[in-house]
Each structure stands twice: as structure tokens, then as C-alpha cells.
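A.B. asks: Let me begin by handing over the structure; questions about it come next.
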Amino acid sequence: MPRPNDVVIKPQEEYAYGHIIKALAGGLYPNKFHVAREYVQNGFDAILNWKQTKKHAKCQIRISIQKPSIFIYDNGTGMDRHTLNEYRKVGFSKKMVGEFAGFRGIGKLAGISVAKKLIVTTSPYGISEKYILTFDAEAMINEIDALKKNRENISLNNLIAKHTTISSDAEHKNEHYTMVELHDIKPDSKILLDNKNLCDYLSKNAPVPFNPNFPCGKEIEDDIRRFVSDYDCVELLVDNMPVYKPFAPNLKPHKHILVWDSKGQKQKAFSWYCENQGKGQIKPDELSGFIYRYKNFAVGDNYLTRKTIWGASSHLAFYFMGEIYITVPEIIPTSQRDDFEQSIERDTFYKDANVIANEVIKLARTSSNIRRAKEVVDEGAKVVSIIGKEVDKKEPSLRDLIVEKITLLSNTISKIQSREKNIPPDDKSTRILAKRVVKKARKLLGQISEIEKQEKKQYSIINALRFNNQAKRVYLTTIRTLKDVLVDQPEELEVIIKEIHKNLKKEFGI
Amino acid sequence: MLPKHYHSTPNKDCIREEDAKLIAQDYKSKKRELAYLGMPSGEMRDILTWKKYFGRCTAVEIDAQIRSKLSLNIIRCGLEDKVRVMYGDIEEILIKGKDNHGNRLELPYDVIFLDFFGTILYKNLKRVDALKSLIQKQKGNDFLLLITFNLKEKNYSRDTLIRTFDKIRDDLENLYSFDSTMKLHIKRVIDAYKSEQTHEMYRQKLFVPYLIKGVGESVGFKVHAYAPIFYEGYNKNPMIHFRFKMLSQHIMPTPVVVSDQNIVDLIDLNMKEVAGGKLFVRREQFPRLGNINS
């Protein structure tokens, strides 16, 4: 006899009802491409499984878009009838957490959120049969809706049993594969039929190889294999076009860093990164920053790493391109793969991973200082070159701009002197140039001072045009005003003054 | 057990080899990869046999299961970028130029293989309309037209067939209006075609080439019909295979195009047969018109 507080489960009682299917078909995947990722993930797991027996097997995931359907094929282990039957069980998976990319038993039905039917065709190695599971999502939803009008519910068991079928057909004994057909893509999910967008999404999210044209790709992959024990990637083709991880152009050689626990005993992550060779953040934006990867699938986007491991100067993250591979099983991605599940391990990891941010911030600042030092030297070289020519040609306008020229040269000297220490010792050409520019600037300062002394004795536009006092005051006020207004634009000022002199000479017939 | 439509037979393989010779000729003369439109079924043996000649293929399939099988084979053979699948009724697709999912025919094609269930007159005249529409859409482009169908299916419009034979007889009688002997012979031959006792293969041997010639000429093609081939398909089903070279006449305007073969040539075409995987001219031939003068 049950005691009063015991829960009594009746043998025939149902505890899950049809609306679960509607929930799966509705809001679980707001980003339709996540559905494709779920099947790539299952295919990848099947391939990893197959590779455990055939280590050097040539495995592929191939996606074919044949409107109105999408086919996702892998030549992994395939499923026998019993395993395929388990495919119908919602939330059922025998995969261990941390062992494979998927483990919840939900993603396998993701297709019903975008397609009217899910058709899985599979054949396991060594069996001369293939099995075909048809999951008629549209019929299920129609039935749920029809019943709902009469306030009725159908149990999940009955619903699935009624609208799914498994059949078999002959197949070659040596074949092993699974093909998922997302049959008749729904109108709100048509974006999946665009192979360019699909390739773009998968290139960033799926465990695909580095692009052979990425100069650091091979070396980075070697490094990842050394430090990430479960790293693997798969050849993925969409309509026969290989999909690779994208890379930004003009990157410096890669570096890597390991994330350890606070005691320095357990490796939690491995990160590689390349710094922008050019100035500022990497373009396009979507390729900049760091991406978390779990079993080589992306988790979140480049803003997730910025948000979680960068404190200050988070914009510097986008001066780099890189990945952070999680190497501990305790940190698990959410089903959306937009973050990791909240846990003490995750929060501790985010703190530990600050080491990545600190390292790259230091690197970014060093690079920025070097770059700025070089820029200052280059700018200085231009200044001395221009002023040097003017001095050599004895430009008449120089007399009105003596103060500006002296300021420019003095600033150049002080800027170079303050930045010179940032020029790397091995950059001899910049060091030599810096010294030459300072020397030349000093020499020009001396020459200009001489010109200033002689100014009264030599040519002056006021003397040449024999301005009376009033005209002289108008002229000097105009020049002073221009100097005030264009204090930050000495080149503009110079052009205007030269133009004024030219027009005055023309007007007065000189 | 594989479904019957997945099976090939030595006879069908032999016909594919014969067709391959014509396809190879076109490939050589056009100096480029060819475009194929057909109904290759799940195992797509046609495409796999001829793939070295093809740059792009459109495969039409109506059955969802066969379509899945076809897609699986496309993927397994790595032909995703070469083979597109259109999903629906072939006649609808030929008439509308697209399937119900917005996939359009990528016209023009160089090789078109229509593998029908039942004769051209099956489904009333929709198939005839589809053929007319297809040939019209191919206007201006040479192509090879291959048609195969099952002769077992008798559920079609006999009236249309008989009317067509009467029209052929009238045309021929006009042609030989001053030759009473020939007129008598024409009547005998056409009556034989009309007879219910006549094997279906002979009726179709005249009807199909006459239809294609008429449609082709009306839109500017010279039509060359090759000798039809009778064979036993899977489950010993009687089948007939037609091959036409459709040669576009580029002289514009084209008021009337006259093929090199006339109606007498069509009537006098040999009936070939493939049996045991070998091609030969059938010993039994239907009365010919050319014989009267010889």
C-alpha cells in the first residue's frame, strides 16, 4: 500500500504531450542556420565515432541544396535499425557529456522547426540494409492544432508513433552513412536554401579546416593538435564546394597562449591569435576578435569573448583574430551555442582566461607604440623635406610663416625624441632615419633663425608695395587672423598666404 | 530487395551504350560539355554512364522516395554541383518551365531523355502538349531527344492514334494522287497500322516519329529519326526507345522547315530490337511503302 506522501505512477499514464513537438518546431531555433549546425554536429560525431575504428578513413560531410529540400550527408558510422528507432525519442541520447559535440538528444529533431518532414536515411557498416525514418512534422502539428480546438491533447508517444515510420531497403554491405533530408523547407526558413549564406555560416561555426590560402593555417593547426587533445576537423562541402574557416588578410604570424587554473595545474583552454599587420581593428569586423570553440564548434561570436574575458580596453580584442579552444569537459555550451551554461566552472574560467586579454592588450599597446613611433619619424621626414626645399628656394612666403615653421620643426624634434625608444632595436632603417630627421630639423631651425634676423633688411611684401600705415595694419590683421584660425593647418595657411601675395603683386603690377 | 525502378537490365545497358555513341558525336561536334535533362530515377544510371559528356544535368523526379534515393546518389557521387533535381510531374514542368518549388528548367539542353510510363498519348493529350512546349522552348538549339516508354500500358486515346494514321494516309494519297497502285498500297499499309491485331510497337513506331517531326518542323527544326528500338525491360515489360536528332534551322524567317526524311522514310524505318543485351534489326518488319517500287 502506498503511503500518503508517495507519488503513485500509473502504468498507462502519460507525462509528456504533443505540444512539446510544437515547442521544438517553433521557438527553439530563432537562427535557422543553427538547425544546419545541429546536423553537421551529429554528422561530425558520427565521423569521429567511425574514425575510432578506422583512424585514417577519408570522411566528409556533404550538404546539397535541392529546392525545396536540404540534404546533409556524412559517411560516419551510420545507424542500425535499433539506433534509428531511438532517433524518434525526444531528449534521448547515449552520448556522454564532453565526449561528443552533441549529447542532449534534442538537436536531432531540429529539422522540424524548418521543414515539413524530416527524413533520415542511414546504413551501418556490415549490414546489407539501409533504414529510412520519416518524421512527418507537418502532420503532427496539424493534428495537435485540430485537437486543441476541442480542448484535447495527444500524448507525445501516440503522436510520434502515429506520424513517424521506419522502413528498410537493400544497400551494399560496406556502405556506412547517414543522410538527413530537411524535406520541404518552410517559407519562413527559405534563407537556408541560399548556399552562399549557409557556407558563410558554416565556415565560421562548423569544425572545418583552415583555408589552405591562410598562410599561418598549417602551423596553427599543428599547435592546436599539440595542445587540444580532442581537436579534429572535417571536410565539409556545400554543393560540392569545400568550406574552410575564414581568415582576414594582412595578419602577423600567429602566437598562442594557454589558460591554466589558478594553481597552474590544469589546462583549461588553448588560444591562438594573429595580430593585424595594419593599423587598428581587423576588417571585416566579423573576422576580428576571438571566438570560443568547443569540440571545434564555435560558441557565441566575437563579442562573447570581448564581454567575458576583457575588462578594460576591450576594443583591442578586435586588433586580433583568434580562437579559444575549451579543453575541460566541465564547461558546456548552451543548446543555442551562444554561451556556456552558467556554472562555477564557467565563471572561474572566464576569470582565468583574462590572461589572454592581458597578453594581447600588452601586445597591442607595444605594437601601437612601435607603429606610432614609425609614423612620427615618417611625418618628421616629410616636414624637414618640405621646409628644407622652401629654405633652399628662399620662398618669399617663408618670412610670414617663420614662427609656424620653427614650431613645426621643434615639435618634430621633440616627438621623435620621445618616441625613439619605442622603435625596435632590429628596425635599423627607422632608427637611422629618426636620427637624420632630428639632425636636419636642427639645421633648418638654425637657417630659419638666420632668415628671421635678415627679414627687415630683405624683401617684404609691405615694403615692396609701399603700404601706408592703414594698408599695413589691414594686411597684418588679415595675416594674424588667418594664423589664428588655421593654427592647426599650417599647410593650408601657407597656400592662402602665397595666394594673397600672388594676387597683391598682380593687382599692384609688380 | 531493390524497387523495380532501380534495376537495370543488359538490354537497357546496351541501349545506353548505343545512345552514348550519339551523345559522343554531339559532344565532339559542339566542342563543349553538354547539358542534360532527363528522368534518371534513383540510381541515375543514365547520368553516371554519360557523365563524362555532361557539364550540367537536370533530373526530374516526382516520387519523394526515389527523389531521396536520387539525392543520396548525387551526393555519394560528388555531383551536387552538376546535377539539379526538379521535383514534380514532368509534363507540368515541361509546360510551365518550372516545378512547384520555383526550380526552373535551365534551357537549352543538348540531350533530353524522357522516360515515360505509358505511351505519349497516355494522360490524354497532356504529354503531347508537354512535348510541343519542350520543343518550342528548345527553339534555336540543336539537341538529341530520347524517348522511352512502356508498351504494356494500353490506357490511352485510340481515337487520336487512328485519326493520326488517317491523316498520314490522306497526306500520302495526296502525294501519290496520280498513282492508283501506290494509293492502294498506302491504304493497305495504313490499315495494317490501324488494325487492332497490329503489335503496339509498330503503331508507336510510326506515330511517335510522325508527331515529333511535325512539331519539330513547325518551330524550325529539321528532325532526323533513328530506327526505334524494341526491348524487354525489367519484369519482361515491352518497351520502345526512340532517338531523334533535332537540328535547328537558323535561317530566319523560317516559314517551312522540311526534314530530310519524309513520311515514307519514317514508315520505312527499320524496327530494331535489343535482346540478350545485343542490338539487331528485327527479322519481322512491318509492310513498307518503299518496297512497292523495288
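Letters for chains follow the order of the C-alpha cells (A, B, ...), residue numbers begin at 1 for each chain, and ligand numbers begin at 1 in the order shown.
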Using only C-alpha atoms and a cut-off of 7 Å, which residues of chain B sit close to chain A? Please list them as a list of chain:residue names.
C.D. replies: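 Therefore, the residues near the partner are B:Met1, B:Leu2, B:Ile75, B:Gly78, B:Glu80, B:Asp81, B:Arg84, B:Val85, B:His101, B:Asn103.
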A.B. asks: Among segment 124-194 of chain B, which ones does DSSP assign to helix (DSSP H, G or I) (computed from the backbone)? Answer as a VMD selection string.
C.D. replies: chain B and resid 126 to 137 158 to 175 180 to 194
A.B. asks: Those same residues, written as a compact mmCIF listing (two decimals), in the first residue's frame with N, CA and C atoms?
C.D. replies:
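Output saved as part-v9.txt:
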# COMPACT_ATOMS: atom_id res chain seq x y z
N LYS B 126 -1.99 15.60 -72.67
CA LYS B 126 -1.11 16.45 -71.88
C LYS B 126 0.37 16.21 -72.23
N ARG B 127 0.69 14.95 -72.47
CA ARG B 127 2.08 14.61 -72.79
C ARG B 127 2.47 15.19 -74.14
N VAL B 128 1.50 15.16 -75.08
CA VAL B 128 1.76 15.75 -76.41
C VAL B 128 1.99 17.25 -76.24
N ASP B 129 1.16 17.88 -75.45
CA ASP B 129 1.32 19.33 -75.19
C ASP B 129 2.68 19.62 -74.56
N ALA B 130 3.07 18.73 -73.63
CA ALA B 130 4.35 18.92 -72.95
C ALA B 130 5.50 18.82 -73.94
N LEU B 131 5.41 17.84 -74.84
CA LEU B 131 6.46 17.68 -75.85
C LEU B 131 6.54 18.90 -76.77
N LYS B 132 5.37 19.38 -77.17
CA LYS B 132 5.33 20.57 -78.03
C LYS B 132 5.97 21.75 -77.32
N SER B 133 5.60 21.90 -76.06
CA SER B 133 6.12 23.01 -75.26
C SER B 133 7.64 22.91 -75.12
N LEU B 134 8.11 21.70 -74.88
CA LEU B 134 9.56 21.49 -74.73
C LEU B 134 10.28 21.86 -76.01
N ILE B 135 9.79 21.35 -77.12
CA ILE B 135 10.48 21.59 -78.40
C ILE B 135 10.46 23.08 -78.73
N GLN B 136 9.34 23.73 -78.43
CA GLN B 136 9.25 25.18 -78.62
C GLN B 136 10.30 25.91 -77.77
N LYS B 137 10.45 25.45 -76.53
CA LYS B 137 11.42 26.09 -75.61
C LYS B 137 12.86 25.88 -76.08
N ARG B 158 -7.15 6.00 -78.24
CA ARG B 158 -7.03 5.29 -79.53
C ARG B 158 -7.51 6.19 -80.67
N ASP B 159 -8.51 7.01 -80.37
CA ASP B 159 -9.08 7.87 -81.43
C ASP B 159 -8.02 8.76 -82.02
N THR B 160 -7.21 9.34 -81.14
CA THR B 160 -6.16 10.24 -81.62
C THR B 160 -5.19 9.48 -82.53
N LEU B 161 -4.87 8.26 -82.10
CA LEU B 161 -3.94 7.45 -82.89
C LEU B 161 -4.52 7.15 -84.27
N ILE B 162 -5.80 6.73 -84.29
CA ILE B 162 -6.45 6.38 -85.56
C ILE B 162 -6.56 7.61 -86.45
N ARG B 163 -6.94 8.74 -85.85
CA ARG B 163 -7.05 9.99 -86.63
C ARG B 163 -5.70 10.37 -87.24
N THR B 164 -4.65 10.16 -86.45
CA THR B 164 -3.31 10.49 -86.96
C THR B 164 -2.96 9.60 -88.16
N PHE B 165 -3.28 8.30 -88.04
CA PHE B 165 -2.98 7.38 -89.16
C PHE B 165 -3.80 7.77 -90.39
N ASP B 166 -5.06 8.17 -90.17
CA ASP B 166 -5.91 8.61 -91.30
C ASP B 166 -5.29 9.84 -91.96
N LYS B 167 -4.75 10.72 -91.13
CA LYS B 167 -4.14 11.95 -91.67
C LYS B 167 -2.90 11.58 -92.49
N ILE B 168 -2.14 10.63 -91.98
CA ILE B 168 -0.94 10.19 -92.71
C ILE B 168 -1.37 9.61 -94.06
N ARG B 169 -2.43 8.82 -94.03
CA ARG B 169 -2.93 8.21 -95.28
C ARG B 169 -3.37 9.30 -96.26
N ASP B 170 -4.12 10.29 -95.77
CA ASP B 170 -4.58 11.37 -96.64
C ASP B 170 -3.39 12.12 -97.26
N ASP B 171 -2.40 12.40 -96.40
CA ASP B 171 -1.20 13.11 -96.91
C ASP B 171 -0.52 12.30 -98.01
N LEU B 172 -0.38 11.02 -97.75
CA LEU B 172 0.31 10.17 -98.72
C LEU B 172 -0.51 10.04 -100.00
N GLU B 173 -1.84 9.93 -99.87
CA GLU B 173 -2.69 9.79 -101.06
C GLU B 173 -2.63 11.06 -101.91
N ASN B 174 -2.54 12.19 -101.24
CA ASN B 174 -2.38 13.45 -101.99
C ASN B 174 -1.05 13.46 -102.75
N LEU B 175 -0.04 12.93 -102.04
CA LEU B 175 1.31 12.91 -102.63
C LEU B 175 1.35 12.01 -103.87
N SER B 180 -2.47 5.12 -108.80
CA SER B 180 -3.52 4.33 -108.14
C SER B 180 -2.95 3.10 -107.45
N THR B 181 -1.88 2.52 -108.01
CA THR B 181 -1.28 1.33 -107.38
C THR B 181 -0.73 1.71 -106.01
N MET B 182 -0.01 2.84 -106.02
CA MET B 182 0.57 3.31 -104.76
C MET B 182 -0.52 3.63 -103.74
N LYS B 183 -1.59 4.25 -104.23
CA LYS B 183 -2.68 4.62 -103.33
C LYS B 183 -3.27 3.38 -102.65
N LEU B 184 -3.37 2.34 -103.43
CA LEU B 184 -3.91 1.08 -102.89
C LEU B 184 -2.96 0.50 -101.83
N HIS B 185 -1.70 0.60 -102.16
CA HIS B 185 -0.69 0.09 -101.24
C HIS B 185 -0.68 0.90 -99.93
N ILE B 186 -0.80 2.23 -100.12
CA ILE B 186 -0.86 3.12 -98.94
C ILE B 186 -2.02 2.70 -98.04
N LYS B 187 -3.15 2.49 -98.65
CA LYS B 187 -4.33 2.12 -97.86
C LYS B 187 -4.08 0.83 -97.08
N ARG B 188 -3.47 -0.13 -97.80
CA ARG B 188 -3.20 -1.43 -97.15
C ARG B 188 -2.26 -1.26 -95.94
N VAL B 189 -1.20 -0.47 -96.18
CA VAL B 189 -0.21 -0.29 -95.12
C VAL B 189 -0.83 0.43 -93.92
N ILE B 190 -1.55 1.54 -94.21
CA ILE B 190 -2.11 2.32 -93.10
C ILE B 190 -3.20 1.53 -92.38
N ASP B 191 -3.98 0.79 -93.13
CA ASP B 191 -4.99 -0.06 -92.48
C ASP B 191 -4.33 -1.06 -91.55
N ALA B 192 -3.17 -1.56 -91.99
CA ALA B 192 -2.44 -2.51 -91.13
C ALA B 192 -2.02 -1.84 -89.83
N TYR B 193 -1.57 -0.58 -89.95
CA TYR B 193 -1.19 0.16 -88.72
C TYR B 193 -2.40 0.34 -87.81
N LYS B 194 -3.57 0.58 -88.45
CA LYS B 194 -4.76 0.85 -87.65
C LYS B 194 -5.35 -0.42 -87.01
A.B. asks: Please return, as a ChimeraX atom specification, all residues of segment 41-122 of chain B that DSSP assigns to strand (DSSP E or B) on the basis of the backbone.
C.D. replies: /B:54-61,83-87,98,104,111-116
A.B. asks: Next, write the just-selected residues to a file, as a PDB file, in the first residue's frame, keeping C-alpha atoms as the atom set.
C.D. replies:
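That gives us again_36.pdb:
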ATOM      1  CA  PHE B  54      27.864  16.436 -69.338  1.00  0.00           C
ATOM      2  CA  GLY B  55      28.607  19.782 -67.756  1.00  0.00           C
ATOM      3  CA  ARG B  56      25.233  20.136 -66.110  1.00  0.00           C
ATOM      4  CA  CYS B  57      22.215  17.926 -65.624  1.00  0.00           C
ATOM      5  CA  THR B  58      18.620  18.458 -64.600  1.00  0.00           C
ATOM      6  CA  ALA B  59      16.945  15.386 -63.160  1.00  0.00           C
ATOM      7  CA  VAL B  60      13.169  15.379 -62.824  1.00  0.00           C
ATOM      8  CA  GLU B  61      11.522  13.144 -60.260  1.00  0.00           C
ATOM      9  CA  VAL B  83      23.055  17.662 -61.112  1.00  0.00           C
ATOM     10  CA  ARG B  84      19.984  19.651 -60.119  1.00  0.00           C
ATOM     11  CA  VAL B  85      16.798  17.918 -59.135  1.00  0.00           C
ATOM     12  CA  MET B  86      13.398  19.239 -60.109  1.00  0.00           C
ATOM     13  CA  TYR B  87      10.573  17.877 -58.093  1.00  0.00           C
ATOM     14  CA  LYS B  98       9.455  25.202 -63.627  1.00  0.00           C
ATOM     15  CA  ARG B 104      13.336  26.487 -63.372  1.00  0.00           C
ATOM     16  CA  VAL B 111      20.359  15.844 -74.516  1.00  0.00           C
ATOM     17  CA  ILE B 112      16.785  15.326 -73.392  1.00  0.00           C
ATOM     18  CA  PHE B 113      15.698  11.907 -72.263  1.00  0.00           C
ATOM     19  CA  LEU B 114      12.026  11.398 -71.482  1.00  0.00           C
ATOM     20  CA  ASP B 115      11.438   8.054 -69.840  1.00  0.00           C
ATOM     21  CA  PHE B 116       7.660   7.819 -69.704  1.00  0.00           C
TER      22      PHE B 116
END
A.B. asks: Can you pull out every residue within 8 Å of segment 216-224 of chain A, counting only C-alpha atoms, but drop anything in the same chain fewer than 3 positions away, and send it as a PDB file with C-alpha atoms, in the first residue's frame?
C.D. replies:
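Saved as part02.pdb:
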ATOM      1  CA  PHE A 210      41.718  26.230 -42.093  1.00  0.00           C
ATOM      2  CA  ASN A 211      41.735  27.685 -45.562  1.00  0.00           C
ATOM      3  CA  PRO A 212      44.776  26.388 -47.490  1.00  0.00           C
ATOM      4  CA  ASN A 213      45.402  30.017 -48.543  1.00  0.00           C
ATOM      5  CA  PHE A 227      47.558  21.386 -27.025  1.00  0.00           C
ATOM      6  CA  VAL A 228      43.937  20.336 -27.641  1.00  0.00           C
ATOM      7  CA  TYR A 231      40.762  18.586 -31.674  1.00  0.00           C
ATOM      8  CA  PRO A 253      52.475  35.434 -37.640  1.00  0.00           C
ATOM      9  CA  HIS A 254      50.443  33.658 -35.005  1.00  0.00           C
ATOM     10  CA  PHE A 270      44.272  26.955 -25.642  1.00  0.00           C
ATOM     11  CA  TRP A 272      45.958  31.123 -30.862  1.00  0.00           C
TER      12      TRP A 272
END
A.B. asks: If we count only C-alpha atoms and set the cut-off at 12 Å, which residues sit around Lys54 of chain A, ignoring sequence neighbours fewer than 4 positions away in its own chain? Please answer as JSON, numbers by chain.
C.D. replies: {"A": [47, 48, 49, 50, 58, 59, 75, 76, 77, 125]}
A.B. asks: Take the residues just selected and output them with N, CA and C atoms as a PDB file, in the first residue's frame.
C.D. replies:
ATOM      1  N   ILE A  47      31.271  10.753 -37.567  1.00  0.00           N
ATOM      2  CA  ILE A  47      32.578  10.587 -38.222  1.00  0.00           C
ATOM      3  C   ILE A  47      33.669  10.314 -37.174  1.00  0.00           C
ATOM      4  N   LEU A  48      33.613  11.050 -36.070  1.00  0.00           N
ATOM      5  CA  LEU A  48      34.602  10.808 -35.006  1.00  0.00           C
ATOM      6  C   LEU A  48      34.481   9.373 -34.496  1.00  0.00           C
ATOM      7  N   ASN A  49      33.242   8.939 -34.400  1.00  0.00           N
ATOM      8  CA  ASN A  49      32.977   7.575 -33.952  1.00  0.00           C
ATOM      9  C   ASN A  49      33.581   6.557 -34.935  1.00  0.00           C
ATOM     10  N   TRP A  50      33.358   6.821 -36.214  1.00  0.00           N
ATOM     11  CA  TRP A  50      33.873   5.934 -37.261  1.00  0.00           C
ATOM     12  C   TRP A  50      35.404   5.926 -37.252  1.00  0.00           C
ATOM     13  N   LYS A  58      38.835   8.463 -44.896  1.00  0.00           N
ATOM     14  CA  LYS A  58      38.555   9.768 -45.517  1.00  0.00           C
ATOM     15  C   LYS A  58      37.072  10.055 -45.299  1.00  0.00           C
ATOM     16  N   CYS A  59      36.789  10.950 -44.393  1.00  0.00           N
ATOM     17  CA  CYS A  59      35.395  11.211 -44.045  1.00  0.00           C
ATOM     18  C   CYS A  59      34.979  12.611 -44.492  1.00  0.00           C
ATOM     19  N   ASN A  75      29.601  10.295 -44.002  1.00  0.00           N
ATOM     20  CA  ASN A  75      29.960   8.879 -44.120  1.00  0.00           C
ATOM     21  C   ASN A  75      30.622   8.412 -42.827  1.00  0.00           C
ATOM     22  N   GLY A  76      29.920   8.705 -41.732  1.00  0.00           N
ATOM     23  CA  GLY A  76      30.350   8.227 -40.419  1.00  0.00           C
ATOM     24  C   GLY A  76      29.844   6.818 -40.178  1.00  0.00           C
ATOM     25  N   THR A  77      29.521   6.519 -38.929  1.00  0.00           N
ATOM     26  CA  THR A  77      29.170   5.128 -38.595  1.00  0.00           C
ATOM     27  C   THR A  77      27.852   4.651 -39.190  1.00  0.00           C
ATOM     28  N   TYR A 125      27.795   0.096 -41.336  1.00  0.00           N
ATOM     29  CA  TYR A 125      28.772  -0.766 -41.996  1.00  0.00           C
ATOM     30  C   TYR A 125      28.494  -2.235 -41.656  1.00  0.00           C
TER      31      TYR A 125
END
A.B. asks: Would you mind telling me which residue in A:Gly380, A:Gly311, A:Pro215, A:Pro424 lies nearest to Thr366 of chain A when using only C-alpha atoms?
C.D. replies: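 Result for the nearest residue to Thr366 of chain A: A:Pro424.
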